[in-house]
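The structure appears below as structure tokens.
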Amino acid sequence: MKYFTIHDIVGIEVSDQYKWKDTLIINIPMFYTTKEKFHKIKTKITIEYNKGIHLEGAYEVVSDIFINRNTNQILDKKYGALISKEKDGYKIICNQECNEWMMMILEYALLENQATFIHSAGVIKDGNAYVFPSWGGVGKTASVAKLIREEGYQLLGDDLVILTSDGTIYAFPKKFVLYAYHRELFEDAMQNKKLVKGGLSRFVSKLIPTAKSFLRHFPFLLSWARRHNPQSKRVSPYEIFGEDKIATSGHIKKFTWLERIDIEKTKTVEIDAYKLASKSLMITIHELFDNRLQEFFIATCADCFEYRVLFDESIKFIHNAVKKSKINQLFIPQSYHVNIVASDVVAYTKQGD
């Protein structure tokens, strides 16, 4: 067994038979733990491997999605996962990589404990956390790289961080996803790695959904394809910056939505705290659930999850947490190169510090 603990909020146990431990998103040094510490965690997720998963007494709700209302279990045949609600958490029995379902269940488990992922970049300095929720591709990765290398900040995450109800931001330093336009920023990490870009990259993007559907019948090939995506390279932030540049937690000082729009120069725009909390929660659900949102709603109907936890209660504690910090929107010109975006984010972050 391999054990993880997500900042003592949620524990994750992975069986020895599970074949894709190296590509688990939670396979991050900071989360490694012992069996003894794992069992002290209130909410747990167990991941097991079984080549021939099935669900007796089930009926098909939509294509490839089955539920059993007697046991409140859901079987996702396409993604090879059987989901069960347990007394102290959740169990995933799978026959292929389970990152999609694991991250959805982990988010729900966090919400049950008054915490949530935020799809954002995050850094820390002198105990103060600076968080930048936004869409993908806005310039978050370049911004945190510049803050860390040139301004002495430490990384909490470039894509996901964890927010708790008391305003603490915890690190989730998953691997950076680097694209061709990042080469100038991460030259060492991308050495000898050729990535497609421009029109060829857009063509590959159109092919990926079809390729994934085919490769799901061959889990090991799908795992290999993910590691060798011609559009991107995944690199650990520990490798990029060094362990001393990775932080654990801090308290929110600035919580700033980043947006690229058609303007001439970067400007700050006020935003209501509740609206910011709502946008942050929705972009996070979009990021984590993506094309699994239908399946998550079906699991909710099967009583694996509760609507109030996902929406009603979560928006309240996110709102209460962010309203105590300095909040803004930072509108950035669409025409700006990613390096200019990073410079403007750095300038904004340092204001008032």
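A note on labels: chains of the structure tokens are A, B, ... as shown, every chain counts residues from 1, and ligands are counted from 1 in their shown order.
Scanning stretch 294-342 of chain A with DSSP on the backbone, the strand (DSSP E) assignments fall on Lys326, Ile327, Asn328, Gln329, Leu330, Phe331, Ile332 and Pro333 of chain A.
Relative to atom CA of A:Thr284, atom CA of A:Ile83 is found at 21.5 Å.
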Need to verify the contact set: stretch 311-320 of chain A, 12 Å, only C-alpha atoms, exclusion of same-chain residues closer than 2 positions in sequence. Can you return it as a count of residues only?
45
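Among the candidates A:Ser236, A:Ser143, A:Ser335, A:Thr300, the residue lying nearest to A:Ile263 is A:Ser335 (atoms considered: only C-alpha atoms).
Taking atom CA of A:Thr46 and atom CA of A:Ser84 as endpoints, the distance between them is 9.8 Å.
Between atom CA of A:Gly57 and atom CA of A:Gln294 the separation is 21.6 Å.
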